[in-house]
Amino acid sequence: MSLIEVGPGQAELVVRGPGALAASVRLFDWSRADEYESVFAVEAVADGVRARLENVTLTVWDDMSEFFDGLARDFRGWEGERVWINNHLVVTAAFGSGGHVYLDWTLRSGFFPGDWKCTVTTVIEAGEGMTAVAADLREFLRQG
């Protein structure tokens with residue numbers, strides 16, 4: 001996982017578990033729509049699958065950073081699943097054996113039967129790994 005500066009004031013976030021063939025999710029092309037909304041693109045890649053959304057809109061009330069901060073704070077684990085939902089992006093977190101957080105990233109083009117959706121899973125170490133992802137996500141969302 002890493003926050004990468006791709007230009008002056010422009011960064012992208014790549015979330016990837018260990019291993020060369022691990023699934024990854026990339027958040028990029030961040031822009032501010034107005035004082036309450038930001039927009040970014042997201043791409044999910046796994047073995048034989050690649051999905052991309054050009055416009056994921058977040059409002060100041062969506063609390064994506066707070067969701068990830070909560071996962072990092074609870075590094076000792078939790079029961080069940082935790083879910084963060086946006087119109088086109090859903091992140092589901094489960095604590096698994098060995099102190100790992102399993103993040104299911106679901107990209108969806110819409111809500112109707114003919115619309116597509118794609119889910120990839122990234123596996124992150126619950127302690128320092130999840131803390132780094134939360135910090136990098138917070139920084140990515142604060143651009144501009």
# chains A, B, ... in the order shown; residues from 1 in each chain; ligands from 1
>>> closest_atom_pairs(of="region 66-139 of chain A", to="region 19-22 of chain A", cutoff="9 Å", atoms="only C-alpha atoms", output="tab-separated table")
residue	atom	partner	partner_atom	distance
A:Thr121	CA	A:Ala22	CA	8.7
A:Thr122	CA	A:Ala22	CA	7.2
A:Val123	CA	A:Ala22	CA	8.4
>>> write_last_selection(atoms="C-alpha atoms", output="short mmCIF file (atom, residue, chain, number, x, y, z; two decimals), in the first residue's frame")
data_model
loop_
_atom_site.label_atom_id
_atom_site.label_comp_id
_atom_site.auth_asym_id
_atom_site.auth_seq_id
_atom_site.Cartn_x
_atom_site.Cartn_y
_atom_site.Cartn_z
CA THR A 121 -10.19 -8.49 -1.95
CA THR A 122 -7.06 -6.94 -0.52
CA VAL A 123 -5.49 -8.44 2.60
#
>>> residues_around(residues="Leu58 (chain A)", least_positions_apart="3", cutoff="9 Å", atoms="only C-alpha atoms", output="VMD selection string")
chain A and resid 36 to 40 61 to 64 86
>>> residues_around(residues="Ser97 (chain A)", least_positions_apart="2", cutoff="12 Å", atoms="only C-alpha atoms", output="ChimeraX atom specification")
/A:76-79,94-95,99-102,123-126
>>> closest_residue(among="A:Ala11, A:Ile85, A:Val56, A:Ala44", to="Arg26 (chain A)", atoms="only C-alpha atoms")
A:Ala44
>>> closest_residue(among="A:Ser24, A:Asn87, A:Gln143, A:Ser2", to="Asp47 (chain A)", atoms="only C-alpha atoms")
A:Ser24
>>> select_by_dssp(residues="chain A", states="strand (DSSP E or B)", output="PyMOL selection string")
chain A and resi 2-7+10-16+24-32+37-46+49-59+81-85+89-96+100-108+117-125
